>>> print(open('final21.pdb').read())   # PDB, C-alpha atoms
ATOM      1  CA  MET A   1      68.970  85.936 -69.816
ATOM      2  CA  ILE A   2      67.400  83.485 -72.257
ATOM      3  CA  ALA A   3      63.956  84.134 -70.794
ATOM      4  CA  LYS A   4      64.422  87.823 -71.429
ATOM      5  CA  MET A   5      65.449  87.195 -75.032
ATOM      6  CA  ARG A   6      62.395  84.991 -75.591
ATOM      7  CA  LYS A   7      60.145  87.684 -74.265
ATOM      8  CA  GLN A   8      61.825  90.298 -76.453
ATOM      9  CA  GLU A   9      61.473  88.166 -79.591
ATOM     10  CA  PHE A  10      57.851  87.370 -78.760
ATOM     11  CA  TRP A  11      57.011  91.046 -78.328
ATOM     12  CA  SER A  12      58.771  92.175 -81.452
ATOM     13  CA  GLY A  13      56.808  89.506 -83.360
ATOM     14  CA  ILE A  14      53.586  90.998 -82.013
ATOM     15  CA  LYS A  15      54.739  94.534 -82.746
ATOM     16  CA  ASP A  16      55.741  93.776 -86.349
ATOM     17  CA  GLU A  17      52.535  91.876 -87.052
ATOM     18  CA  ALA A  18      50.336  94.670 -85.682
ATOM     19  CA  PRO A  19      50.344  96.997 -88.739
ATOM     20  CA  ILE A  20      49.400  94.026 -90.941
ATOM     21  CA  LEU A  21      46.171  93.675 -88.983
ATOM     22  CA  LEU A  22      44.950  96.774 -90.770
ATOM     23  CA  GLY A  23      44.656  94.511 -93.808
ATOM     24  CA  VAL A  24      43.633  91.325 -92.033
ATOM     25  CA  VAL A  25      40.773  92.562 -89.869
ATOM     26  CA  PRO A  26      38.600  93.856 -92.755
ATOM     27  CA  PHE A  27      39.243  90.560 -94.543
ATOM     28  CA  GLY A  28      38.051  88.644 -91.463
ATOM     29  CA  LEU A  29      34.946  90.841 -91.226
ATOM     30  CA  LEU A  30      34.175  90.137 -94.868
ATOM     31  CA  PHE A  31      34.658  86.411 -94.336
ATOM     32  CA  GLY A  32      32.277  86.312 -91.361
ATOM     33  CA  ALA A  33      29.653  88.231 -93.324
ATOM     34  CA  LEU A  34      30.080  86.094 -96.441
ATOM     35  CA  ALA A  35      29.893  82.807 -94.519
ATOM     36  CA  ILE A  36      26.557  83.819 -93.018
ATOM     37  CA  SER A  37      25.168  84.922 -96.366
ATOM     38  CA  ALA A  38      26.268  81.534 -97.769
ATOM     39  CA  ARG A  39      23.992  80.022 -95.075
ATOM     40  CA  LEU A  40      26.697  78.556 -92.875
ATOM     41  CA  SER A  41      25.720  78.459 -89.201
ATOM     42  CA  SER A  42      27.488  80.985 -86.954
ATOM     43  CA  LEU A  43      29.237  78.114 -85.201
ATOM     44  CA  ALA A  44      30.471  76.553 -88.454
ATOM     45  CA  ALA A  45      31.631  79.922 -89.784
ATOM     46  CA  GLN A  46      33.593  80.607 -86.611
ATOM     47  CA  ALA A  47      35.006  77.080 -86.486
ATOM     48  CA  MET A  48      36.219  77.352 -90.077
ATOM     49  CA  SER A  49      38.437  80.266 -89.061
ATOM     50  CA  SER A  50      40.299  78.099 -86.579
ATOM     51  CA  ILE A  51      40.123  74.704 -88.314
ATOM     52  CA  ILE A  52      41.109  75.782 -91.839
ATOM     53  CA  PHE A  53      42.602  79.142 -90.796
ATOM     54  CA  ALA A  54      43.452  80.351 -94.305
ATOM     55  CA  GLY A  55      41.639  83.409 -95.624
ATOM     56  CA  SER A  56      41.240  82.845 -99.333
ATOM     57  CA  ALA A  57      40.550  79.107 -98.967
ATOM     58  CA  GLN A  58      37.836  79.925 -96.436
ATOM     59  CA  PHE A  59      36.210  82.420 -98.805
ATOM     60  CA  ILE A  60      36.077  79.892-101.602
ATOM     61  CA  ALA A  61      34.959  77.028 -99.336
ATOM     62  CA  ALA A  62      32.098  79.053 -97.846
ATOM     63  CA  GLN A  63      30.971  80.211-101.288
ATOM     64  CA  LEU A  64      31.061  76.669-102.678
ATOM     65  CA  ALA A  65      29.218  75.283 -99.639
ATOM     66  CA  GLY A  66      26.543  77.934-100.181
ATOM     67  CA  THR A  67      25.994  76.805-103.769
ATOM     68  CA  GLY A  68      25.674  73.160-102.734
ATOM     69  CA  THR A  69      28.962  71.937-104.196
ATOM     70  CA  SER A  70      29.888  68.393-103.168
ATOM     71  CA  GLY A  71      32.069  68.095-100.066
ATOM     72  CA  LEU A  72      34.777  66.175-101.889
ATOM     73  CA  VAL A  73      35.191  69.007-104.406
ATOM     74  CA  ILE A  74      35.397  71.601-101.609
ATOM     75  CA  VAL A  75      38.085  69.573 -99.840
ATOM     76  CA  MET A  76      40.106  69.333-103.055
ATOM     77  CA  VAL A  77      39.728  73.051-103.701
ATOM     78  CA  VAL A  78      40.872  73.947-100.178
ATOM     79  CA  PHE A  79      43.881  71.690-100.612
ATOM     80  CA  VAL A  80      44.869  73.184-103.982
ATOM     81  CA  VAL A  81      44.303  76.785-102.895
ATOM     82  CA  ASN A  82      46.562  76.198 -99.895
ATOM     83  CA  LEU A  83      49.342  74.397-101.761
ATOM     84  CA  ARG A  84      51.380  77.607-101.781
ATOM     85  CA  HIS A  85      51.888  77.018 -98.067
ATOM     86  CA  ALA A  86      54.226  74.150 -98.956
ATOM     87  CA  LEU A  87      56.545  76.819-100.355
ATOM     88  CA  TYR A  88      56.281  78.766 -97.109
ATOM     89  CA  SER A  89      56.990  75.571 -95.202
ATOM     90  CA  ALA A  90      60.182  74.981 -97.191
ATOM     91  CA  SER A  91      61.157  78.604 -96.754
ATOM     92  CA  VAL A  92      60.871  78.675 -92.947
ATOM     93  CA  ALA A  93      62.192  75.125 -92.474
ATOM     94  CA  PRO A  94      65.872  76.132 -92.084
ATOM     95  CA  HIS A  95      64.861  78.633 -89.394
ATOM     96  CA  VAL A  96      62.878  76.177 -87.260
ATOM     97  CA  LYS A  97      65.353  73.331 -87.637
ATOM     98  CA  GLY A  98      66.158  71.602 -84.388
ATOM     99  CA  LEU A  99      62.965  72.596 -82.578
ATOM    100  CA  ASN A 100      60.941  69.780 -81.072
ATOM    101  CA  THR A 101      57.936  68.379 -82.906
ATOM    102  CA  GLY A 102      55.460  70.192 -80.676
ATOM    103  CA  TRP A 103      56.930  73.562 -81.599
ATOM    104  CA  LYS A 104      57.062  72.618 -85.259
ATOM    105  CA  MET A 105      53.400  71.615 -85.271
ATOM    106  CA  LEU A 106      52.374  74.788 -83.482
ATOM    107  CA  LEU A 107      54.321  77.028 -85.858
ATOM    108  CA  ALA A 108      53.073  75.076 -88.898
ATOM    109  CA  TYR A 109      49.498  75.650 -87.747
ATOM    110  CA  LEU A 110      50.241  79.395 -87.553
ATOM    111  CA  LEU A 111      51.919  79.536 -90.989
ATOM    112  CA  THR A 112      49.510  81.834 -92.831
ATOM    113  CA  ASP A 113      50.365  84.285 -95.637
ATOM    114  CA  GLU A 114      50.557  87.224 -93.252
ATOM    115  CA  ALA A 115      52.431  85.567 -90.376
ATOM    116  CA  TYR A 116      54.835  83.996 -92.854
ATOM    117  CA  SER A 117      55.646  87.209 -94.719
ATOM    118  CA  VAL A 118      56.287  89.188 -91.546
ATOM    119  CA  THR A 119      58.388  86.429 -89.979
ATOM    120  CA  ILE A 120      60.528  85.651 -93.027
ATOM    121  CA  THR A 121      61.145  89.361 -93.604
ATOM    122  CA  HIS A 122      62.411  89.607 -90.037
ATOM    123  CA  TYR A 123      64.619  86.509 -90.363
ATOM    124  CA  ASN A 124      66.117  87.760 -93.619
ATOM    125  CA  ARG A 125      66.873  91.153 -92.123
ATOM    126  CA  GLU A 126      67.985  90.282 -88.605
ATOM    127  CA  GLY A 127      69.692  86.971 -89.176
ATOM    128  CA  ASP A 128      69.178  83.978 -86.939
ATOM    129  CA  SER A 129      69.048  84.073 -83.175
ATOM    130  CA  GLU A 130      68.609  81.151 -80.823
ATOM    131  CA  THR A 131      65.186  82.320 -79.672
ATOM    132  CA  ARG A 132      63.845  83.297 -83.082
ATOM    133  CA  HIS A 133      60.914  80.857 -82.938
ATOM    134  CA  TRP A 134      59.407  83.097 -80.272
ATOM    135  CA  TYR A 135      59.201  85.890 -82.837
ATOM    136  CA  PHE A 136      57.288  83.560 -85.179
ATOM    137  CA  LEU A 137      54.989  82.593 -82.285
ATOM    138  CA  GLY A 138      54.299  86.240 -81.415
ATOM    139  CA  ALA A 139      53.491  87.162 -85.013
ATOM    140  CA  GLY A 140      51.437  83.997 -85.575
ATOM    141  CA  LEU A 141      49.368  84.281 -82.403
ATOM    142  CA  THR A 142      48.665  87.952 -83.072
ATOM    143  CA  LEU A 143      47.329  87.084 -86.482
ATOM    144  CA  TRP A 144      45.361  84.092 -85.174
ATOM    145  CA  THR A 145      43.661  86.109 -82.438
ATOM    146  CA  SER A 146      42.683  88.970 -84.705
ATOM    147  CA  TRP A 147      41.405  86.533 -87.348
ATOM    148  CA  GLN A 148      39.120  84.823 -84.793
ATOM    149  CA  ILE A 149      37.813  88.106 -83.421
ATOM    150  CA  SER A 150      37.250  89.730 -86.798
ATOM    151  CA  THR A 151      35.433  86.606 -88.027
ATOM    152  CA  ALA A 152      33.160  86.782 -84.986
ATOM    153  CA  VAL A 153      32.426  90.467 -85.541
ATOM    154  CA  GLY A 154      31.787  89.790 -89.236
ATOM    155  CA  ILE A 155      29.306  87.033 -88.338
ATOM    156  CA  PHE A 156      27.612  89.407 -85.937
ATOM    157  CA  ILE A 157      27.339  92.535 -88.085
ATOM    158  CA  GLY A 158      27.114  90.571 -91.331
ATOM    159  CA  ALA A 159      25.020  92.336 -93.898
ATOM    160  CA  GLN A 160      25.612  95.754 -92.348
ATOM    161  CA  ILE A 161      28.943  96.083 -94.138
ATOM    162  CA  PRO A 162      28.102  98.098 -97.283
ATOM    163  CA  ALA A 163      29.057  96.130-100.385
ATOM    164  CA  SER A 164      30.410  99.297-101.976
ATOM    165  CA  TRP A 165      33.261  99.555 -99.456
ATOM    166  CA  PRO A 166      36.359  98.267-101.214
ATOM    167  CA  LEU A 167      37.679  96.526 -98.077
ATOM    168  CA  ALA A 168      39.118  93.552 -99.940
ATOM    169  CA  PHE A 169      41.621  95.879-101.637
ATOM    170  CA  ILE A 170      43.439  96.336 -98.336
ATOM    171  CA  LEU A 171      44.943  92.871 -98.594
ATOM    172  CA  PRO A 172      46.982  93.362-101.798
ATOM    173  CA  LEU A 173      48.097  96.703-100.336
ATOM    174  CA  THR A 174      49.400  94.893 -97.250
ATOM    175  CA  PHE A 175      51.363  92.527 -99.457
ATOM    176  CA  ILE A 176      52.780  95.466-101.440
ATOM    177  CA  ALA A 177      54.000  96.954 -98.159
ATOM    178  CA  LEU A 178      55.837  93.711 -97.411
ATOM    179  CA  VAL A 179      57.223  92.870-100.852
ATOM    180  CA  VAL A 180      58.494  96.196-102.152
ATOM    181  CA  PRO A 181      61.008  96.856 -99.332
ATOM    182  CA  ALA A 182      62.228  93.246 -99.695
ATOM    183  CA  LEU A 183      63.288  93.814-103.325
ATOM    184  CA  LYS A 184      66.985  94.411-102.961
ATOM    185  CA  ASP A 185      68.746  92.938-105.971
ATOM    186  CA  ARG A 186      68.159  92.206-109.649
ATOM    187  CA  ALA A 187      67.376  88.547-109.031
ATOM    188  CA  GLY A 188      64.621  89.438-106.543
ATOM    189  CA  VAL A 189      63.108  92.063-108.839
ATOM    190  CA  ALA A 190      63.188  89.619-111.762
ATOM    191  CA  ALA A 191      61.493  86.926-109.659
ATOM    192  CA  ALA A 192      58.781  89.391-108.624
ATOM    193  CA  ILE A 193      58.105  90.715-112.132
ATOM    194  CA  VAL A 194      58.019  87.303-113.780
ATOM    195  CA  ALA A 195      55.842  85.808-111.020
ATOM    196  CA  GLY A 196      53.435  88.734-111.310
ATOM    197  CA  ALA A 197      53.287  88.505-115.111
ATOM    198  CA  VAL A 198      52.726  84.737-115.124
ATOM    199  CA  GLY A 199      50.107  85.207-112.411
ATOM    200  CA  LEU A 200      48.280  87.536-114.795
ATOM    201  CA  LEU A 201      48.567  85.262-117.791
ATOM    202  CA  ALA A 202      47.450  82.233-115.773
ATOM    203  CA  LEU A 203      44.494  84.017-114.201
ATOM    204  CA  GLY A 204      42.135  81.755-116.130
ATOM    205  CA  LEU A 205      43.382  78.622-114.366
ATOM    206  CA  PRO A 206      41.017  77.458-111.632
ATOM    207  CA  TYR A 207      41.499  77.730-107.869
ATOM    208  CA  LYS A 208      44.754  79.605-107.713
ATOM    209  CA  THR A 209      46.694  76.905-109.551
ATOM    210  CA  GLY A 210      47.905  79.835-111.661
ATOM    211  CA  LEU A 211      49.286  81.442-108.511
ATOM    212  CA  LEU A 212      51.322  78.360-107.687
ATOM    213  CA  LEU A 213      52.616  78.067-111.250
ATOM    214  CA  ALA A 214      53.516  81.762-111.271
ATOM    215  CA  ALA A 215      55.371  81.467-107.947
ATOM    216  CA  LEU A 216      57.398  78.482-109.151
ATOM    217  CA  ILE A 217      58.363  80.177-112.421
ATOM    218  CA  GLY A 218      59.232  83.339-110.479
ATOM    219  CA  ILE A 219      61.508  81.371-108.147
ATOM    220  CA  LEU A 220      63.222  79.693-111.128
ATOM    221  CA  THR A 221      63.758  83.116-112.693
ATOM    222  CA  GLY A 222      65.376  84.354-109.493
ATOM    223  CA  LEU A 223      67.664  81.325-109.476
ATOM    224  CA  LEU A 224      68.678  81.899-113.103
ATOM    225  CA  PHE A 225      69.562  85.524-112.356
ATOM    226  CA  ASP A 226      71.491  84.464-109.281
ATOM    227  CA  GLY A 227      73.600  82.104-111.361
ATOM    228  CA  LYS A 228      74.851  84.889-113.605
ATOM    229  CA  PRO A 229      77.920  86.911-112.630
ATOM    230  CA  LYS A 230      76.910  90.364-111.474
TER     231      LYS A 230
ATOM    232  CA  MET B   1      29.458  65.341 -97.104
ATOM    233  CA  ASN B   2      28.683  67.171 -93.887
ATOM    234  CA  ILE B   3      30.181  70.700 -93.659
ATOM    235  CA  TRP B   4      31.968  69.791 -90.425
ATOM    236  CA  LEU B   5      33.655  66.799 -92.040
ATOM    237  CA  VAL B   6      34.611  68.979 -95.013
ATOM    238  CA  MET B   7      36.193  71.543 -92.688
ATOM    239  CA  LEU B   8      38.008  68.885 -90.705
ATOM    240  CA  ILE B   9      39.560  67.189 -93.741
ATOM    241  CA  GLY B  10      40.286  70.532 -95.434
ATOM    242  CA  GLY B  11      41.898  71.765 -92.216
ATOM    243  CA  LEU B  12      44.016  68.644 -91.811
ATOM    244  CA  LEU B  13      45.211  68.851 -95.429
ATOM    245  CA  THR B  14      46.102  72.523 -94.945
ATOM    246  CA  PHE B  15      47.971  71.739 -91.752
ATOM    247  CA  ALA B  16      49.824  68.853 -93.416
ATOM    248  CA  THR B  17      50.829  71.168 -96.284
ATOM    249  CA  ARG B  18      52.155  73.757 -93.839
ATOM    250  CA  LEU B  19      54.039  71.138 -91.851
ATOM    251  CA  SER B  20      55.402  69.237 -94.878
ATOM    252  CA  PHE B  21      58.818  70.749 -95.496
ATOM    253  CA  ILE B  22      59.314  71.845 -91.901
ATOM    254  CA  LEU B  23      59.501  68.150 -90.987
ATOM    255  CA  LEU B  24      61.028  66.935 -94.243
ATOM    256  CA  LEU B  25      63.979  69.316 -94.479
ATOM    257  CA  ASP B  26      65.157  68.171 -91.064
ATOM    258  CA  ARG B  27      65.529  64.643 -92.331
ATOM    259  CA  ILE B  28      66.697  64.858 -95.913
ATOM    260  CA  GLN B  29      69.530  66.695 -97.626
ATOM    261  CA  VAL B  30      68.375  68.975-100.422
ATOM    262  CA  PRO B  31      70.489  70.275-103.307
ATOM    263  CA  ASP B  32      71.975  73.772-103.102
ATOM    264  CA  TRP B  33      69.771  75.216-105.859
ATOM    265  CA  PHE B  34      66.739  74.236-103.783
ATOM    266  CA  ARG B  35      68.053  76.151-100.787
ATOM    267  CA  GLY B  36      68.976  79.066-103.048
ATOM    268  CA  GLY B  37      65.458  79.180-104.444
ATOM    269  CA  LEU B  38      63.883  79.546-101.009
ATOM    270  CA  ARG B  39      64.855  83.181-100.690
ATOM    271  CA  PHE B  40      62.639  84.006-103.674
ATOM    272  CA  VAL B  41      59.537  82.376-102.175
ATOM    273  CA  PRO B  42      58.085  85.470-100.484
ATOM    274  CA  VAL B  43      58.580  87.921-103.348
ATOM    275  CA  ALA B  44      57.417  85.425-105.976
ATOM    276  CA  VAL B  45      54.254  84.250-104.186
ATOM    277  CA  LEU B  46      53.198  87.683-102.988
ATOM    278  CA  SER B  47      53.843  89.322-106.370
ATOM    279  CA  ALA B  48      51.751  86.626-108.030
ATOM    280  CA  ILE B  49      48.937  87.547-105.624
ATOM    281  CA  ILE B  50      49.342  91.327-105.943
ATOM    282  CA  LEU B  51      49.596  91.941-109.668
ATOM    283  CA  PRO B  52      46.353  90.221-110.726
ATOM    284  CA  GLU B  53      44.503  92.082-107.950
ATOM    285  CA  LEU B  54      45.661  95.404-109.405
ATOM    286  CA  THR B  55      45.285  94.696-113.089
ATOM    287  CA  SER B  56      42.190  92.502-112.991
ATOM    288  CA  PRO B  57      39.993  93.785-110.148
ATOM    289  CA  ASN B  58      36.908  92.100-111.580
ATOM    290  CA  GLY B  59      38.511  88.921-112.780
ATOM    291  CA  SER B  60      39.434  90.010-116.311
ATOM    292  CA  LEU B  61      42.439  92.023-117.415
ATOM    293  CA  TYR B  62      41.882  95.789-117.288
ATOM    294  CA  LEU B  63      45.123  97.552-118.163
ATOM    295  CA  SER B  64      43.984 101.143-118.381
ATOM    296  CA  TRP B  65      44.561 104.478-116.714
ATOM    297  CA  ARG B  66      40.859 104.304-115.896
ATOM    298  CA  ASN B  67      41.448 101.314-113.609
ATOM    299  CA  PRO B  68      41.455 102.839-110.087
ATOM    300  CA  GLN B  69      42.926  99.694-108.472
ATOM    301  CA  LEU B  70      45.907  99.840-110.819
ATOM    302  CA  LEU B  71      46.524 103.539-110.133
ATOM    303  CA  ALA B  72      46.114 103.129-106.367
ATOM    304  CA  GLY B  73      48.423 100.112-106.459
ATOM    305  CA  MET B  74      51.123 102.190-108.151
ATOM    306  CA  VAL B  75      50.761 104.852-105.481
ATOM    307  CA  ALA B  76      51.131 102.160-102.815
ATOM    308  CA  ILE B  77      54.222 100.693-104.509
ATOM    309  CA  LEU B  78      55.809 104.130-104.615
ATOM    310  CA  VAL B  79      55.016 104.833-100.951
ATOM    311  CA  ALA B  80      56.246 101.364 -99.877
ATOM    312  CA  TRP B  81      59.480 101.911-101.796
ATOM    313  CA  ARG B  82      60.129 105.371-100.356
ATOM    314  CA  THR B  83      58.970 104.850 -96.760
ATOM    315  CA  LYS B  84      59.141 101.069 -96.077
ATOM    316  CA  ASN B  85      56.203 101.719 -93.753
ATOM    317  CA  VAL B  86      53.282  99.265 -93.732
ATOM    318  CA  ILE B  87      50.597 101.564 -92.362
ATOM    319  CA  LEU B  88      51.537 104.503 -94.608
ATOM    320  CA  THR B  89      51.457 102.182 -97.618
ATOM    321  CA  ILE B  90      47.996 100.834 -96.802
ATOM    322  CA  VAL B  91      46.569 104.267 -96.004
ATOM    323  CA  ALA B  92      48.038 105.828 -99.157
ATOM    324  CA  GLY B  93      46.732 102.950-101.289
ATOM    325  CA  MET B  94      43.207 103.122 -99.842
ATOM    326  CA  ALA B  95      43.105 106.918-100.071
ATOM    327  CA  GLY B  96      44.341 106.608-103.649
ATOM    328  CA  LEU B  97      41.642 104.078-104.466
ATOM    329  CA  LEU B  98      38.841 106.242-103.048
ATOM    330  CA  ILE B  99      40.111 109.380-104.791
ATOM    331  CA  PHE B 100      40.661 107.678-108.138
ATOM    332  CA  GLN B 101      37.231 106.012-107.958
ATOM    333  CA  MET B 102      35.617 109.366-107.231
ATOM    334  CA  VAL B 103      37.528 111.302-109.906
ATOM    335  CA  LEU B 104      37.131 108.614-112.570
ATOM    336  CA  GLY B 105      33.455 108.347-111.701
ATOM    337  CA  MET B 106      33.016 112.018-112.564
ATOM    338  CA  LEU B 107      34.646 111.676-115.987
TER     339      LEU B 107
END
>>> encode(input="final21.pdb", output="structure tokens")
Amino acid sequence: MIAKMRKQEFWSGIKDEAPILLGVVPFGLLFGALAISARLSSLAAQAMSSIIFAGSAQFIAAQLAGTGTSGLVIVMVVFVVNLRHALYSASVAPHVKGLNTGWKMLLAYLLTDEAYSVTITHYNREGDSETRHWYFLGAGLTLWTSWQISTAVGIFIGAQIPASWPLAFILPLTFIALVVPALKDRAGVAAAIVAGAVGLLALGLPYKTGLLLAALIGILTGLLFDGKPK
Amino acid sequence: MNIWLVMLIGGLLTFATRLSFILLLDRIQVPDWFRGGLRFVPVAVLSAIILPELTSPNGSLYLSWRNPQLLAGMVAILVAWRTKNVILTIVAGMAGLLIFQMVLGML
């Protein structure tokens, strides 16, 4: 019985993550191509996709490495760009409570923007089941595999991707597809609008620190709206 | 610093960030407002990623009906709202972008 539920959760994680790959695969192709043009070796470019495993941080790291930026600065930038994952970590924490440390480490490794958004959307909609970590695993592994493969293809075809193709635009579209249906009440809409507006105003801040600031202010706005009687 | 060392430390820091609260929230009690705020994490973070991509495609603010990314983004928002379908949203947004780029390029 429980084995069947695990399998079901795992498969529905894969199934729900699949449409997102439409946005992720072009991004992986672009990363592979960019890493090579920044003079990273094929091996290093591929390894970055599994060691750092975070799209936008990888883009910035490869670009900085190509311009000869010091390693310490690149490490700091990667850390700051990925700080938003601490918010994801807090957000999934109640759902992975009670799992053993091995599971927690595995799921933390798989906690990317795209696996997180699909998984948390599912948890918020379906409620909590005993085997829900298998859903997370299915979504996370699907993303991981496609990220590795698309990086490899990007390394291989590299410069053949025409620069005029607006492939990078697919990613914000993917996020729109995930956020808009999740906006269900005034507090959520307020959080989204304020976070977006602050994100715009803080665009000048370096290395996505504006993004983090915008997210925090958005969350506070949601909380304030929640506090008011409806 | 060697690129491999940079990747290794950057990767470990990223992993530690992702693991942070997953481990922490099992051990410590957090106030209710903190728990309440968690439900806004996805919409807040993703909106803060989306909006600048639409309004500032080249890094500086471009709020204009001649901005194809902004127009295509609005199409995508509308489709996402009406259909709740990921693939339809992406396809409509990309088609919108290509059409708006072509039409605006002719003006």
>>> resolve_selection(input="final21.pdb", expression="the ChimeraX specification (/A :<6) & /B", output="PyMOL selection string")
chain B and resi 1+6+10-11+15+17-19+21-22+37-38+40+43-45+47-48+50-52+80-81+84+86-87+89-90
>>> axis_aligned_box(input="final21.pdb", around="range 17-22 of chain A", padding_each_side="4 Å", output="AutoDock Vina command-line options")
--center_x 48.7 --center_y 94.4 --center_z -88.3 --size_x 15.6 --size_y 13.1 --size_z 13.3
>>> resolve_selection(input="final21.pdb", expression="the PyMOL selection byres ((chain B and resi 55-69) around 7)", output="PyMOL selection string")
chain B and resi 51-54+70-73+97+100-101+104
>>> resolve_selection(input="final21.pdb", expression="the PyMOL selection byres ((chain A and resi 145-155) around 10)", output="PyMOL selection string")
chain A and resi 18+21+24-37+40-43+45-50+53-55+140-144+156-161
>>> write_last_selection(input="final21.pdb", atoms="C-alpha atoms", output="tab-separated table (two decimals), in the frame of the given file")
chain	number	residue	atom	x	y	z
A	18	ALA	CA	50.34	94.67	-85.68
A	21	LEU	CA	46.17	93.68	-88.98
A	24	VAL	CA	43.63	91.32	-92.03
A	25	VAL	CA	40.77	92.56	-89.87
A	26	PRO	CA	38.60	93.86	-92.76
A	27	PHE	CA	39.24	90.56	-94.54
A	28	GLY	CA	38.05	88.64	-91.46
A	29	LEU	CA	34.95	90.84	-91.23
A	30	LEU	CA	34.17	90.14	-94.87
A	31	PHE	CA	34.66	86.41	-94.34
A	32	GLY	CA	32.28	86.31	-91.36
A	33	ALA	CA	29.65	88.23	-93.32
A	34	LEU	CA	30.08	86.09	-96.44
A	35	ALA	CA	29.89	82.81	-94.52
A	36	ILE	CA	26.56	83.82	-93.02
A	37	SER	CA	25.17	84.92	-96.37
A	40	LEU	CA	26.70	78.56	-92.88
A	41	SER	CA	25.72	78.46	-89.20
A	42	SER	CA	27.49	80.98	-86.95
A	43	LEU	CA	29.24	78.11	-85.20
A	45	ALA	CA	31.63	79.92	-89.78
A	46	GLN	CA	33.59	80.61	-86.61
A	47	ALA	CA	35.01	77.08	-86.49
A	48	MET	CA	36.22	77.35	-90.08
A	49	SER	CA	38.44	80.27	-89.06
A	50	SER	CA	40.30	78.10	-86.58
A	53	PHE	CA	42.60	79.14	-90.80
A	54	ALA	CA	43.45	80.35	-94.30
A	55	GLY	CA	41.64	83.41	-95.62
A	140	GLY	CA	51.44	84.00	-85.58
A	141	LEU	CA	49.37	84.28	-82.40
A	142	THR	CA	48.66	87.95	-83.07
A	143	LEU	CA	47.33	87.08	-86.48
A	144	TRP	CA	45.36	84.09	-85.17
A	156	PHE	CA	27.61	89.41	-85.94
A	157	ILE	CA	27.34	92.54	-88.08
A	158	GLY	CA	27.11	90.57	-91.33
A	159	ALA	CA	25.02	92.34	-93.90
A	160	GLN	CA	25.61	95.75	-92.35
A	161	ILE	CA	28.94	96.08	-94.14
>>> closest_residue(input="final21.pdb", among="A:Thr131, A:Asp185, A:Asn100, A:Phe225", to="Asp26 in chain B", atoms="all atoms listed in the file")
A:Asn100
>>> atom_distance(input="final21.pdb", atom1="CA of Gly13 in chain A", atom2="CA of Gly138 in chain A")
4.6 Å
>>> decode(input="final21.pdb", residues="range 44-56 of chain B", atoms="N, CA and C atoms", output="PDB file, in the first residue's frame")
ATOM      1  N   ALA B  44       6.035  35.986  -3.575  1.00  0.00           N
ATOM      2  CA  ALA B  44       6.887  37.177  -3.432  1.00  0.00           C
ATOM      3  C   ALA B  44       8.193  37.011  -4.216  1.00  0.00           C
ATOM      4  N   VAL B  45       8.873  35.880  -4.039  1.00  0.00           N
ATOM      5  CA  VAL B  45      10.165  35.708  -4.728  1.00  0.00           C
ATOM      6  C   VAL B  45       9.961  35.677  -6.234  1.00  0.00           C
ATOM      7  N   LEU B  46       8.996  34.894  -6.689  1.00  0.00           N
ATOM      8  CA  LEU B  46       8.832  34.756  -8.140  1.00  0.00           C
ATOM      9  C   LEU B  46       8.363  36.064  -8.774  1.00  0.00           C
ATOM     10  N   SER B  47       7.490  36.807  -8.098  1.00  0.00           N
ATOM     11  CA  SER B  47       7.074  38.101  -8.650  1.00  0.00           C
ATOM     12  C   SER B  47       8.248  39.059  -8.737  1.00  0.00           C
ATOM     13  N   ALA B  48       9.134  39.001  -7.738  1.00  0.00           N
ATOM     14  CA  ALA B  48      10.303  39.886  -7.762  1.00  0.00           C
ATOM     15  C   ALA B  48      11.278  39.486  -8.868  1.00  0.00           C
ATOM     16  N   ILE B  49      11.190  38.248  -9.339  1.00  0.00           N
ATOM     17  CA  ILE B  49      12.003  37.840 -10.496  1.00  0.00           C
ATOM     18  C   ILE B  49      11.305  38.263 -11.794  1.00  0.00           C
ATOM     19  N   ILE B  50       9.983  38.049 -11.844  1.00  0.00           N
ATOM     20  CA  ILE B  50       9.238  38.245 -13.094  1.00  0.00           C
ATOM     21  C   ILE B  50       9.186  39.715 -13.525  1.00  0.00           C
ATOM     22  N   LEU B  51       8.727  40.567 -12.627  1.00  0.00           N
ATOM     23  CA  LEU B  51       8.418  41.939 -13.036  1.00  0.00           C
ATOM     24  C   LEU B  51       9.606  42.673 -13.666  1.00  0.00           C
ATOM     25  N   PRO B  52      10.798  42.619 -13.036  1.00  0.00           N
ATOM     26  CA  PRO B  52      11.932  43.288 -13.687  1.00  0.00           C
ATOM     27  C   PRO B  52      12.259  42.695 -15.064  1.00  0.00           C
ATOM     28  N   GLU B  53      12.030  41.401 -15.254  1.00  0.00           N
ATOM     29  CA  GLU B  53      12.314  40.801 -16.561  1.00  0.00           C
ATOM     30  C   GLU B  53      11.395  41.370 -17.639  1.00  0.00           C
ATOM     31  N   LEU B  54      10.157  41.707 -17.247  1.00  0.00           N
ATOM     32  CA  LEU B  54       9.201  42.235 -18.216  1.00  0.00           C
ATOM     33  C   LEU B  54       9.423  43.723 -18.467  1.00  0.00           C
ATOM     34  N   THR B  55       9.668  44.452 -17.406  1.00  0.00           N
ATOM     35  CA  THR B  55       9.715  45.910 -17.554  1.00  0.00           C
ATOM     36  C   THR B  55      11.107  46.420 -17.879  1.00  0.00           C
ATOM     37  N   SER B  56      12.123  45.604 -17.638  1.00  0.00           N
ATOM     38  CA  SER B  56      13.494  46.079 -17.862  1.00  0.00           C
ATOM     39  C   SER B  56      14.302  45.020 -18.603  1.00  0.00           C
TER      40      SER B  56
END
